[in-house]
file protein-v8.txt (compact mmCIF, C-alpha atoms)
# COMPACT_ATOMS: atom_id res chain seq x y z
CA MET A 11 0.00 0.00 0.00
CA PRO A 12 1.51 3.38 -0.95
CA ASP A 13 1.97 5.70 1.97
CA VAL A 14 -1.01 7.87 2.76
CA THR A 15 -0.35 11.14 4.54
CA TYR A 16 -2.14 11.46 7.87
CA LEU A 17 -3.28 14.99 8.69
CA ARG A 18 -4.71 16.09 12.01
CA PRO A 19 -6.52 19.43 11.75
CA ARG A 20 -6.96 21.77 14.73
CA ASP A 21 -10.61 22.52 14.08
CA VAL A 22 -13.31 22.24 11.41
CA ALA A 23 -12.19 25.36 9.52
CA HIS A 24 -8.66 23.94 9.34
CA ALA A 25 -10.04 20.55 8.25
CA VAL A 26 -11.99 22.20 5.42
CA ARG A 27 -8.85 24.00 4.24
CA LEU A 28 -6.87 20.75 4.32
CA CYS A 29 -9.58 18.88 2.40
CA GLU A 30 -9.85 21.64 -0.20
CA GLY A 31 -6.11 22.15 -0.52
CA THR A 32 -4.86 18.55 -0.59
CA PRO A 33 -5.41 16.53 -3.77
CA ASP A 34 -7.27 13.25 -3.16
CA ALA A 35 -7.75 13.90 0.55
CA ARG A 36 -10.41 11.87 2.38
CA PRO A 37 -11.93 12.90 5.69
CA LEU A 38 -11.55 10.15 8.32
CA GLY A 39 -13.97 9.64 11.20
CA GLY A 40 -14.01 6.46 13.25
CA GLY A 41 -12.59 4.49 10.33
CA THR A 42 -15.12 1.66 10.41
CA ASP A 43 -15.69 1.84 6.64
CA LEU A 44 -12.75 3.89 5.41
CA MET A 45 -9.96 1.83 7.01
CA VAL A 46 -11.39 -1.34 5.45
CA MET A 47 -11.46 0.25 1.99
CA LEU A 48 -8.00 1.73 2.48
CA HIS A 49 -6.47 -1.59 3.50
CA ALA A 50 -8.22 -3.46 0.69
CA GLY A 51 -7.02 -0.88 -1.82
CA THR A 52 -10.53 -0.07 -3.05
CA ILE A 53 -9.80 3.60 -2.31
CA ARG A 54 -6.41 5.19 -2.83
CA PRO A 55 -6.46 8.64 -1.26
CA ARG A 56 -3.23 10.58 -0.94
CA ALA A 57 -4.14 11.92 2.49
CA LEU A 58 -6.46 11.27 5.40
CA VAL A 59 -7.83 14.29 7.25
CA ASP A 60 -8.70 13.01 10.72
CA LEU A 61 -11.93 14.49 12.10
CA TRP A 62 -12.35 11.99 14.92
CA SER A 63 -11.15 14.10 17.81
CA LEU A 64 -12.54 17.49 16.77
CA ALA A 65 -14.62 18.76 19.70
CA GLU A 66 -16.90 20.75 17.36
CA LEU A 67 -18.11 17.47 15.82
CA LYS A 68 -18.93 15.75 19.12
CA GLY A 69 -21.89 15.90 21.42
CA ILE A 70 -25.67 15.90 21.30
CA ARG A 71 -27.62 19.09 22.00
CA ARG A 72 -31.12 20.46 22.01
CA VAL A 73 -31.85 22.95 19.21
CA ASP A 74 -35.12 24.75 18.62
CA GLY A 75 -37.79 22.08 18.33
CA GLY A 76 -35.36 19.22 17.96
CA VAL A 77 -31.98 17.68 18.59
CA GLU A 78 -28.62 17.99 16.87
CA VAL A 79 -26.09 15.15 16.86
CA GLY A 80 -22.43 15.95 16.16
CA ALA A 81 -21.11 14.32 12.99
CA ALA A 82 -18.31 12.51 14.84
CA GLU A 83 -20.34 11.50 17.88
CA PRO A 84 -20.09 7.70 18.00
CA TYR A 85 -23.16 5.44 18.09
CA THR A 86 -22.35 4.58 21.71
CA GLY A 87 -23.02 8.23 22.56
CA ILE A 88 -26.32 8.15 20.67
CA ILE A 89 -27.38 4.89 22.36
CA GLY A 90 -26.67 6.40 25.77
CA SER A 91 -28.35 9.75 25.08
CA ALA A 92 -31.59 10.47 26.95
CA LEU A 93 -32.10 13.39 24.56
CA VAL A 94 -32.03 11.20 21.44
CA GLU A 95 -34.16 8.56 23.18
CA GLU A 96 -36.76 11.25 23.86
CA HIS A 97 -36.67 12.92 20.42
CA CYS A 98 -35.95 10.01 18.08
CA PRO A 99 -36.02 6.60 19.76
CA ALA A 100 -35.77 4.97 16.31
CA LEU A 101 -32.26 6.39 15.92
CA VAL A 102 -31.25 4.75 19.20
CA ALA A 103 -32.80 1.48 18.01
CA ALA A 104 -30.96 1.72 14.67
CA SER A 105 -27.66 2.54 16.37
CA ARG A 106 -27.98 -0.57 18.54
CA THR A 107 -28.18 -2.76 15.41
CA ILE A 108 -24.90 -1.48 13.99
CA GLY A 109 -22.08 -3.98 14.44
CA ALA A 110 -21.45 -4.45 18.15
CA ALA A 111 -19.55 -2.57 20.88
CA GLN A 112 -16.34 -2.17 18.84
CA ILE A 113 -18.15 -0.61 15.87
CA GLN A 114 -20.58 1.40 18.01
CA ASN A 115 -17.60 2.96 19.80
CA ARG A 116 -16.18 4.28 16.51
CA GLY A 117 -18.95 4.51 13.91
CA THR A 118 -20.62 7.90 13.43
CA LEU A 119 -23.65 9.46 11.74
CA GLY A 120 -21.35 11.71 9.73
CA GLY A 121 -19.52 8.67 8.42
CA ASN A 122 -22.72 6.75 7.68
CA LEU A 123 -23.95 9.73 5.63
CA ALA A 124 -20.67 10.51 3.86
CA ASN A 125 -20.09 6.90 2.82
CA ALA A 126 -23.68 6.78 1.56
CA SER A 127 -23.87 3.01 1.52
CA PRO A 128 -27.32 1.87 0.41
CA ALA A 129 -27.14 -0.47 3.45
CA GLY A 130 -26.31 2.28 5.98
CA ASP A 131 -28.53 1.37 8.92
CA THR A 132 -29.27 4.86 10.22
CA LEU A 133 -30.00 6.39 6.83
CA PRO A 134 -33.66 5.30 6.43
CA VAL A 135 -34.31 6.63 9.95
CA LEU A 136 -32.82 9.99 9.00
CA LEU A 137 -34.93 10.03 5.82
CA ALA A 138 -38.15 9.19 7.69
CA ALA A 139 -37.30 11.84 10.29
CA ASP A 140 -36.82 14.62 7.69
CA ALA A 141 -33.34 15.11 9.16
CA ILE A 142 -31.16 18.01 8.04
CA VAL A 143 -27.48 17.54 7.27
CA VAL A 144 -25.53 20.52 8.59
CA THR A 145 -22.23 21.11 6.79
CA ASP A 146 -19.50 23.67 7.30
CA ARG A 147 -21.23 25.94 4.76
CA ARG A 148 -24.98 25.10 4.46
CA THR A 149 -27.79 22.77 5.40
CA ILE A 150 -29.00 19.95 3.15
CA PRO A 151 -32.29 18.07 3.68
CA VAL A 152 -31.31 14.41 3.94
CA ALA A 153 -33.93 13.68 1.24
CA ASP A 154 -31.66 15.58 -1.20
CA PHE A 155 -28.39 14.19 0.12
CA PHE A 156 -27.99 10.87 -1.72
CA THR A 157 -27.42 11.52 -5.41
CA GLY A 158 -26.33 8.07 -6.66
CA TYR A 159 -24.57 4.88 -5.62
CA ARG A 160 -22.27 6.02 -2.79
CA LYS A 161 -22.56 9.59 -4.10
CA THR A 162 -23.68 12.59 -2.07
CA ALA A 163 -24.52 16.25 -2.54
CA LEU A 164 -21.35 17.29 -0.67
CA GLY A 165 -19.06 19.61 -2.60
CA VAL A 166 -15.25 19.48 -2.71
CA GLY A 167 -13.89 19.82 0.81
CA GLU A 168 -17.38 20.17 2.27
CA LEU A 169 -17.62 18.50 5.67
CA ILE A 170 -20.63 17.27 7.62
CA VAL A 171 -20.70 19.00 10.98
CA ALA A 172 -23.94 17.70 12.51
CA VAL A 173 -27.30 16.07 11.84
CA ARG A 174 -30.44 17.88 12.97
CA LEU A 175 -33.53 15.90 13.94
CA PRO A 176 -36.74 17.95 13.87
CA ALA A 177 -39.58 17.50 16.37
CA GLY A 178 -41.45 15.06 14.10
CA ALA A 179 -38.62 12.55 14.45
CA ARG A 180 -40.20 11.22 17.63
CA GLY A 181 -42.78 9.16 15.72
CA VAL A 182 -40.33 7.29 13.49
CA ARG A 183 -40.31 3.52 13.79
CA PHE A 184 -37.53 1.26 12.56
CA ARG A 185 -36.83 -2.34 11.67
CA LYS A 186 -33.70 -3.96 10.27
CA VAL A 187 -33.69 -7.41 8.72
CA GLY A 188 -30.29 -9.10 8.60
CA THR A 189 -28.93 -12.61 8.90
CA ARG A 190 -28.31 -12.34 12.66
CA ALA A 191 -28.76 -9.83 15.46
CA ALA A 192 -25.20 -8.47 15.70
CA GLN A 193 -22.51 -7.76 13.13
CA ALA A 194 -24.93 -8.16 10.23
CA ILE A 195 -25.12 -6.00 7.14
CA SER A 196 -28.78 -5.41 6.45
CA ARG A 197 -30.82 -7.17 3.78
CA VAL A 198 -33.69 -4.72 4.24
CA VAL A 199 -34.04 -1.66 6.49
CA VAL A 200 -37.39 0.07 6.91
CA ALA A 201 -38.26 3.30 8.73
CA VAL A 202 -41.70 4.86 8.81
CA ASN A 203 -43.41 7.91 10.23
CA ARG A 204 -47.15 8.60 10.34
CA GLU A 205 -47.13 12.36 10.73
CA PRO A 206 -45.90 13.52 8.28
CA ALA A 207 -46.25 10.35 6.18
CA ARG A 208 -42.75 9.03 5.52
CA ILE A 209 -41.63 5.60 4.33
CA ALA A 210 -37.92 5.02 3.82
CA PHE A 211 -35.87 1.96 2.89
CA GLY A 212 -32.27 0.80 2.90
CA SER A 213 -30.65 -2.04 0.93
CA VAL A 214 -33.42 -2.06 -1.71
CA ALA A 215 -31.90 0.33 -4.27
CA GLU A 216 -28.58 1.96 -5.16
CA VAL A 217 -29.32 4.65 -2.57
CA PRO A 218 -31.24 4.80 0.70
CA LEU A 219 -34.58 6.11 -0.50
CA ARG A 220 -38.03 7.41 0.35
CA ALA A 221 -40.89 5.46 -1.23
CA ARG A 222 -42.78 8.44 -2.59
CA SER A 223 -45.87 6.78 -4.02
CA ALA A 224 -46.24 4.63 -0.90
CA GLU A 225 -45.99 7.83 1.17
CA ALA A 226 -48.79 9.39 -0.91
CA SER A 227 -51.02 6.42 -0.10
CA LEU A 228 -50.14 6.56 3.58
CA ALA A 229 -50.91 10.28 3.68
CA ARG A 230 -54.46 9.38 2.56
CA GLY A 231 -54.65 6.76 5.32
CA ASP A 232 -54.48 3.92 2.79
CA VAL A 233 -52.08 1.43 4.41
CA ALA A 234 -52.84 -1.42 2.01
CA GLY A 235 -52.26 0.94 -0.89
CA ALA A 236 -48.95 2.07 0.61
CA VAL A 237 -47.76 -1.53 0.97
CA ALA A 238 -48.75 -2.31 -2.63
CA ALA A 239 -47.11 0.86 -3.95
CA VAL A 240 -43.74 -0.06 -2.47
CA ALA A 241 -43.17 -2.60 -5.25
CA ALA A 242 -42.84 0.21 -7.78
CA ASP A 243 -40.88 2.54 -5.50
CA ILE A 244 -37.93 0.25 -4.77
CA ARG A 245 -35.28 -1.22 -7.07
CA PRO A 246 -33.78 -4.22 -5.26
CA ILE A 247 -31.08 -6.42 -6.78
CA ASP A 248 -29.75 -9.94 -6.27
CA ASP A 249 -26.41 -9.89 -4.44
CA VAL A 250 -24.37 -11.89 -1.91
CA ARG A 251 -26.67 -10.97 0.96
CA SER A 252 -30.07 -11.58 -0.55
CA THR A 253 -32.23 -11.65 -3.66
CA ALA A 254 -34.38 -8.97 -5.23
CA GLU A 255 -37.47 -11.12 -4.73
CA TYR A 256 -36.73 -11.64 -1.01
CA ARG A 257 -36.09 -7.94 -0.50
CA ARG A 258 -39.29 -6.91 -2.27
CA THR A 259 -41.40 -9.36 -0.26
CA VAL A 260 -39.76 -8.53 3.07
CA ALA A 261 -39.88 -4.77 2.45
CA GLN A 262 -43.64 -5.01 1.99
CA ASN A 263 -44.18 -7.40 4.92
CA VAL A 264 -42.11 -5.30 7.33
CA LEU A 265 -43.85 -2.12 6.20
CA ARG A 266 -47.27 -3.72 6.77
CA HIS A 267 -46.11 -4.79 10.24
CA LEU A 268 -44.69 -1.36 11.12
CA LEU A 269 -47.88 0.35 10.02
CA GLY A 270 -49.82 -2.03 12.22
CA ASP A 271 -52.22 -3.32 9.63
CA MET B 21 3.90 10.35 17.83
CA ARG B 22 3.31 9.33 21.45
CA PHE B 23 0.73 7.33 23.31
CA VAL B 24 0.49 5.28 26.46
CA LEU B 25 0.59 1.54 25.79
CA ASN B 26 -0.07 -0.85 28.67
CA GLY B 27 0.96 1.83 31.13
CA ASN B 28 4.19 2.93 29.41
CA THR B 29 4.64 5.92 27.13
CA VAL B 30 5.81 4.93 23.65
CA SER B 31 7.27 7.26 21.02
CA LEU B 32 7.18 6.15 17.44
CA ASP B 33 8.15 7.55 14.08
CA VAL B 34 5.49 5.92 11.90
CA SER B 35 3.02 6.98 9.24
CA GLY B 36 -0.20 7.95 11.01
CA SER B 37 -2.34 6.24 8.38
CA ARG B 38 -1.05 2.75 9.20
CA ARG B 39 -3.40 0.45 11.08
CA LEU B 40 -2.93 0.40 14.85
CA LEU B 41 -3.05 -3.41 14.57
CA ASP B 42 0.02 -3.50 12.29
CA VAL B 43 2.02 -1.06 14.40
CA LEU B 44 1.28 -3.11 17.55
CA ARG B 45 2.28 -6.41 15.96
CA GLU B 46 5.07 -5.43 13.60
CA ASP B 47 6.74 -2.37 15.11
CA LEU B 48 6.08 -3.00 18.79
CA ARG B 49 6.16 -6.82 18.57
CA LEU B 50 3.06 -7.21 20.67
CA THR B 51 1.61 -10.20 18.88
CA GLY B 52 -1.10 -10.98 21.42
CA THR B 53 -3.45 -8.83 19.32
CA LYS B 54 -4.59 -11.06 16.45
CA GLU B 55 -5.74 -10.27 12.96
CA GLY B 56 -8.84 -12.22 11.96
CA CYS B 57 -10.94 -10.69 9.23
CA GLY B 58 -9.26 -7.30 8.90
CA GLU B 59 -12.60 -5.62 8.31
CA GLY B 60 -14.19 -5.09 11.70
CA GLU B 61 -16.38 -8.18 11.77
CA CYS B 62 -14.58 -10.63 14.08
CA GLY B 63 -13.14 -8.67 17.01
CA ALA B 64 -9.90 -10.70 17.17
CA CYS B 65 -7.89 -7.47 17.02
CA SER B 66 -9.83 -5.78 19.86
CA VAL B 67 -7.86 -3.40 22.06
CA LEU B 68 -8.92 -0.71 24.52
CA ILE B 69 -8.52 2.96 23.66
CA ASP B 70 -9.18 5.17 26.68
CA GLY B 71 -11.11 2.25 28.18
CA GLU B 72 -13.36 1.60 25.17
CA VAL B 73 -13.12 -1.59 23.16
CA VAL B 74 -12.36 -1.02 19.46
CA ASN B 75 -11.09 -3.03 16.50
CA SER B 76 -7.44 -2.08 16.02
CA CYS B 77 -7.68 -3.00 12.31
CA LEU B 78 -10.01 -0.01 11.85
CA VAL B 79 -7.93 2.58 13.71
CA ALA B 80 -5.29 4.69 12.00
CA VAL B 81 -2.39 4.78 14.43
CA GLY B 82 -2.28 8.58 14.24
CA GLN B 83 -5.69 8.59 15.91
CA VAL B 84 -4.27 7.25 19.19
CA GLU B 85 -1.86 10.15 19.65
CA GLY B 86 -2.12 11.05 23.34
CA CYS B 87 -4.47 8.14 24.10
CA ASN B 88 -4.24 5.29 26.57
CA VAL B 89 -4.09 1.95 24.71
CA VAL B 90 -4.35 -1.45 26.39
CA THR B 91 -3.66 -4.75 24.65
CA VAL B 92 -3.98 -8.25 26.07
CA GLU B 93 -0.36 -8.00 27.19
CA GLY B 94 -1.48 -5.21 29.53
CA LEU B 95 -4.04 -7.30 31.41
CA ALA B 96 -1.55 -9.41 33.38
CA ALA B 97 0.58 -7.92 36.16
CA PRO B 98 4.11 -6.82 35.19
CA ASP B 99 5.50 -10.01 36.77
CA GLY B 100 3.30 -12.10 34.47
CA THR B 101 0.65 -12.99 37.03
CA LEU B 102 -2.59 -13.38 35.11
CA SER B 103 -5.62 -11.27 35.96
CA HIS B 104 -8.61 -12.90 37.63
CA LEU B 105 -10.40 -12.75 34.28
CA GLN B 106 -7.57 -14.48 32.42
CA GLN B 107 -7.24 -17.14 35.11
CA THR B 108 -10.98 -17.78 35.00
CA PHE B 109 -10.90 -18.18 31.20
CA ILE B 110 -8.28 -20.92 31.66
CA GLU B 111 -10.08 -22.64 34.54
CA ARG B 112 -13.44 -22.63 32.77
CA GLY B 113 -12.12 -23.89 29.42
CA ALA B 114 -13.02 -20.62 27.72
CA ALA B 115 -9.99 -20.73 25.42
CA GLN B 116 -9.70 -23.33 22.69
CA CYS B 117 -7.59 -22.41 19.66
CA GLY B 118 -6.88 -19.04 21.22
CA ILE B 119 -7.31 -16.73 18.24
CA CYS B 120 -10.36 -14.97 19.67
CA THR B 121 -9.19 -15.07 23.29
CA PRO B 122 -7.27 -11.77 23.50
CA GLY B 123 -10.22 -9.91 21.95
CA MET B 124 -12.72 -11.74 24.16
CA LEU B 125 -10.69 -10.78 27.24
CA LEU B 126 -10.53 -7.10 26.29
CA ALA B 127 -14.21 -6.90 25.34
CA THR B 128 -15.05 -8.58 28.65
CA HIS B 129 -12.76 -6.24 30.54
CA ALA B 130 -14.50 -3.19 29.01
CA LEU B 131 -17.94 -4.70 29.69
CA LEU B 132 -17.20 -5.40 33.36
CA GLU B 133 -15.70 -1.94 33.86
CA GLN B 134 -18.95 -0.38 32.63
CA ASN B 135 -21.34 -2.93 34.07
CA PRO B 136 -19.83 -4.97 36.92
CA ARG B 137 -22.91 -7.24 37.22
CA PRO B 138 -24.15 -7.93 33.68
CA SER B 139 -26.94 -10.43 33.08
CA GLU B 140 -26.17 -13.33 30.78
CA ASP B 141 -27.98 -11.49 27.98
CA GLU B 142 -25.90 -8.38 28.62
CA VAL B 143 -22.76 -10.53 28.40
CA ARG B 144 -23.94 -11.86 25.04
CA VAL B 145 -24.56 -8.33 23.76
CA GLY B 146 -21.24 -7.10 25.18
CA LEU B 147 -19.35 -9.89 23.38
CA ALA B 148 -21.44 -9.82 20.17
CA GLY B 149 -18.56 -8.20 18.29
CA ASN B 150 -16.19 -11.09 19.05
CA LEU B 151 -16.49 -14.24 16.99
CA CYS B 152 -15.14 -17.59 18.23
CA ARG B 153 -14.28 -19.84 15.30
CA CYS B 154 -14.28 -22.87 17.62
CA THR B 155 -17.85 -21.86 18.59
CA GLY B 156 -16.91 -22.19 22.26
CA TYR B 157 -19.33 -19.46 23.30
CA THR B 158 -20.99 -21.34 26.15
CA LYS B 159 -17.79 -21.70 28.16
CA ILE B 160 -16.71 -18.14 27.35
CA ILE B 161 -20.01 -16.78 28.66
CA ASP B 162 -19.79 -19.06 31.71
CA ALA B 163 -16.32 -17.65 32.45
CA VAL B 164 -17.53 -14.05 32.16
CA VAL B 165 -20.54 -14.75 34.37
CA ALA B 166 -18.17 -16.30 36.94
CA CYS B 167 -16.13 -13.06 36.95
CA ARG B 168 -19.05 -10.79 37.78
CA MET B 169 -18.61 -8.68 40.90
call {"tool": "encode", "arguments": {"input": "protein-v8.txt", "output": "structure tokens"}}
result
Amino acid sequence: MPDVTYLRPRDVAHAVRLCEGTPDARPLGGGTDLMVMLHAGTIRPRALVDLWSLAELKGIRRVDGGVEVGAAEPYTGIIGSALVEEHCPALVAASRTIGAAQIQNRGTLGGNLANASPAGDTLPVLLAADAIVVTDRRTIPVADFFTGYRKTALGVGELIVAVRLPAGARGVRFRKVGTRAAQAISRVVVAVNREPARIAFGSVAEVPLRARSAEASLARGDVAGAVAAVAADIRPIDDVRSTAEYRRTVAQNVLRHLLGD
Amino acid sequence: MRFVLNGNTVSLDVSGSRRLLDVLREDLRLTGTKEGCGEGECGACSVLIDGEVVNSCLVAVGQVEGCNVVTVEGLAAPDGTLSHLQQTFIERGAAQCGICTPGMLLATHALLEQNPRPSEDEVRVGLAGNLCRCTGYTKIIDAVVACRM
């Protein structure tokens, strides 16, 4: 492996300058995805800009009407947060399903978003919660954040600073289907909200997505219609973890269960 | 760079992007930490950073600058006397081939520090990130339960 320069910025502004000014620089959080890709050679950055210990990216705080989670706050912090439990219990539930203690101690919401894996376990929860991605320069509704397979709306050198959960996040419900309880990459992730009507999925398309026609049915109170509409909203594939047919069937069954019909 | 390793300060001149696992094993010759999967699934490379259990294959060594790192070599007393936890693993047959044992010990250590009286279910959750390829989970969990305060 060619040597990769390790850079440790003083603060977020410094990190942004390093990311903008260093060719092929990658921001590094807890490393749970990036270090695997780096070691396997599937990414070949010239530099890592380490965000892990930046105080500005840590912590969980109340903001008007909701809660804001620092981009580099690990899942363990989210799981232990009474504030997140009160405002978005589904995010706590999702965080508990990620890996196990070792991964929960290092994995972060900022990393889950930036890597934009279609199987990212928290991402459907953030979509169903109408979460807002706060970057060093603007805010991006999470619904507009995923632009393609592992692609995001972030610009060059743009860093995620926090994730804002609005008041409506409290009603989100979540279910992950994997091969076992711990250390499993999901086969289907579902998150729903009743008010406003939100239905979001992971692992059923090239991006985590909202099922828009199913949401339209749910908004009219038509649960059966929402479940039926999912088939056209998602684009599952056959891969090592599951089949398209399994994912389509399970997505609909889990949605029906979550909507209590 | 500097960090505290098993109670002693170490200074190293290494690239910060290398894996902590490789620096421990290759540069510092602490081979108690094992590499299993190399992708954060198996927990064989578990170490403690500031008391929290992490997979050392997923940590860039630059990230432990100024931190307190404990490997399995740091669990025994300086004279080699095993900790109560290590001794109990031996007595209860909780180690078979041994590959997962260092990681199991460190994950258990972190669990018992945070929760001195875990239920059996809490032990299972606390050790869910550590795979035993011999599938000797029953004796491992028995040993941890026997070590509860």
call {"tool": "closest_residue", "arguments": {"input": "protein-v8.txt", "among": "B:Leu105, B:Leu50, B:Leu68, B:Ala80", "to": "Leu17 (chain A)", "atoms": "all atoms listed in the file"}}
result
B:Ala80
call {"tool": "residues_around", "arguments": {"input": "protein-v8.txt", "residues": "Leu25 (chain B)", "least_positions_apart": "2", "cutoff": "7 Å", "atoms": "only C-alpha atoms", "output": "PyMOL selection string"}}
result
chain B and resi 23+27-30+88-90
call {"tool": "atom_distance", "arguments": {"input": "protein-v8.txt", "atom1": "CA of Thr145 (chain A)", "atom2": "CA of Gly165 (chain A)"}}
result
10.0 Å
call {"tool": "residues_around", "arguments": {"input": "protein-v8.txt", "residues": "Gly149 (chain B)", "least_positions_apart": "3", "cutoff": "7 Å", "atoms": "all atoms listed in the file", "output": "PyMOL selection string"}}
result
(chain A and resi 109-112+193) or (chain B and resi 61-63)
call {"tool": "closest_atom_pairs", "arguments": {"input": "protein-v8.txt", "of": "chain B", "to": "chain A", "cutoff": "9 Å", "atoms": "all atoms listed in the file", "output": "CSV"}}
result
residue,atom,partner,partner_atom,distance
B:Ser35,CA,A:Tyr16,CA,7.0
B:Gly36,CA,A:Tyr16,CA,5.1
B:Ser37,CA,A:Tyr16,CA,5.2
B:Arg38,CA,A:Val14,CA,8.2
B:Arg39,CA,A:Met45,CA,7.8
B:Gly58,CA,A:Val46,CA,7.2
B:Glu59,CA,A:Val46,CA,5.3
B:Gly60,CA,A:Thr42,CA,6.9
B:Glu61,CA,A:Gln193,CA,6.3
B:Cys62,CA,A:Gln193,CA,8.5
B:Gly63,CA,A:Gln112,CA,7.5
B:Ser66,CA,A:Gln112,CA,7.5
B:Glu72,CA,A:Asn115,CA,7.0
B:Val73,CA,A:Gln112,CA,5.4
B:Val74,CA,A:Gln112,CA,4.2
B:Asn75,CA,A:Gln112,CA,5.8
B:Cys77,CA,A:Met45,CA,7.5
B:Leu78,CA,A:Met45,CA,5.2
B:Val79,CA,A:Gly41,CA,6.1
B:Ala80,CA,A:Met45,CA,7.4
B:Gly82,CA,A:Tyr16,CA,7.0
B:Gln83,CA,A:Asp60,CA,7.5
B:Ala127,CA,A:Ala111,CA,8.2
B:Val145,CA,A:Ala110,CA,7.5
B:Gly146,CA,A:Ala111,CA,6.5
B:Leu147,CA,A:Ala111,CA,7.7
B:Ala148,CA,A:Ala110,CA,5.7
B:Gly149,CA,A:Ala110,CA,4.7
B:Asn150,CA,A:Ala110,CA,8.5
call {"tool": "residues_near_point", "arguments": {"input": "protein-v8.txt", "point": "(-26.4, 2.4, 24.7)", "cutoff": "10 Å", "atoms": "only C-alpha atoms", "output": "list in words"}}
result
Tyr85, Thr86, Gly87, Ile88, Ile89, Gly90, Ser91, Ala92, Val102, Ala103, Ser105, Arg106, Ala111 and Gln114 of chain A
call {"tool": "residues_around", "arguments": {"input": "protein-v8.txt", "residues": "Asp47 (chain B)", "least_positions_apart": "3", "cutoff": "9 Å", "atoms": "all atoms listed in the file", "output": "NGL selection string"}}
result
:B and (32 or 34 or 42-44 or 50)
call {"tool": "atom_distance", "arguments": {"input": "protein-v8.txt", "atom1": "CA of Ile69 (chain B)", "atom2": "CA of Leu132 (chain B)"}}
result
15.5 Å
call {"tool": "axis_aligned_box", "arguments": {"input": "protein-v8.txt", "around": "region 31-45 of chain A", "padding_each_side": "5 Å", "output": "JSON"}}
result
{"center_x": -10.3, "center_y": 11.9, "center_z": 4.7, "size_x": 20.8, "size_y": 30.5, "size_z": 27.0}
call {"tool": "closest_residue", "arguments": {"input": "protein-v8.txt", "among": "A:Ala226, A:Val26, A:Leu133, A:Ala234", "to": "Asp146 (chain A)", "atoms": "all atoms listed in the file"}}
result
A:Val26
call {"tool": "closest_residue", "arguments": {"input": "protein-v8.txt", "among": "B:Val84, B:Ile110, B:Cys152, B:Ile119", "to": "Thr51 (chain B)", "atoms": "only C-alpha atoms"}}
result
B:Ile119
call {"tool": "atom_distance", "arguments": {"input": "protein-v8.txt", "atom1": "CA of Ala236 (chain A)", "atom2": "CA of Tyr256 (chain A)"}}
result
18.4 Å
call {"tool": "closest_residue", "arguments": {"input": "protein-v8.txt", "among": "B:Val67, B:Gln106, B:Gly100, B:Cys117", "to": "Thr53 (chain B)", "atoms": "only C-alpha atoms"}}
result
B:Val67
call {"tool": "residues_around", "arguments": {"input": "protein-v8.txt", "residues": "Gly120 (chain A)", "least_positions_apart": "2", "cutoff": "7 Å", "atoms": "all atoms listed in the file", "output": "PyMOL selection string"}}
result
chain A and resi 81-82+118+122-124+170
call {"tool": "closest_residue", "arguments": {"input": "protein-v8.txt", "among": "A:Val171, A:Val200, A:Val264, A:Ala221", "to": "Ala153 (chain A)", "atoms": "only C-alpha atoms"}}
result
A:Ala221
call {"tool": "residues_around", "arguments": {"input": "protein-v8.txt", "residues": "Arg112 (chain B)", "least_positions_apart": "3", "cutoff": "8 Å", "atoms": "all atoms listed in the file", "output": "PyMOL selection string"}}
result
chain B and resi 108-109+159-160+162-163
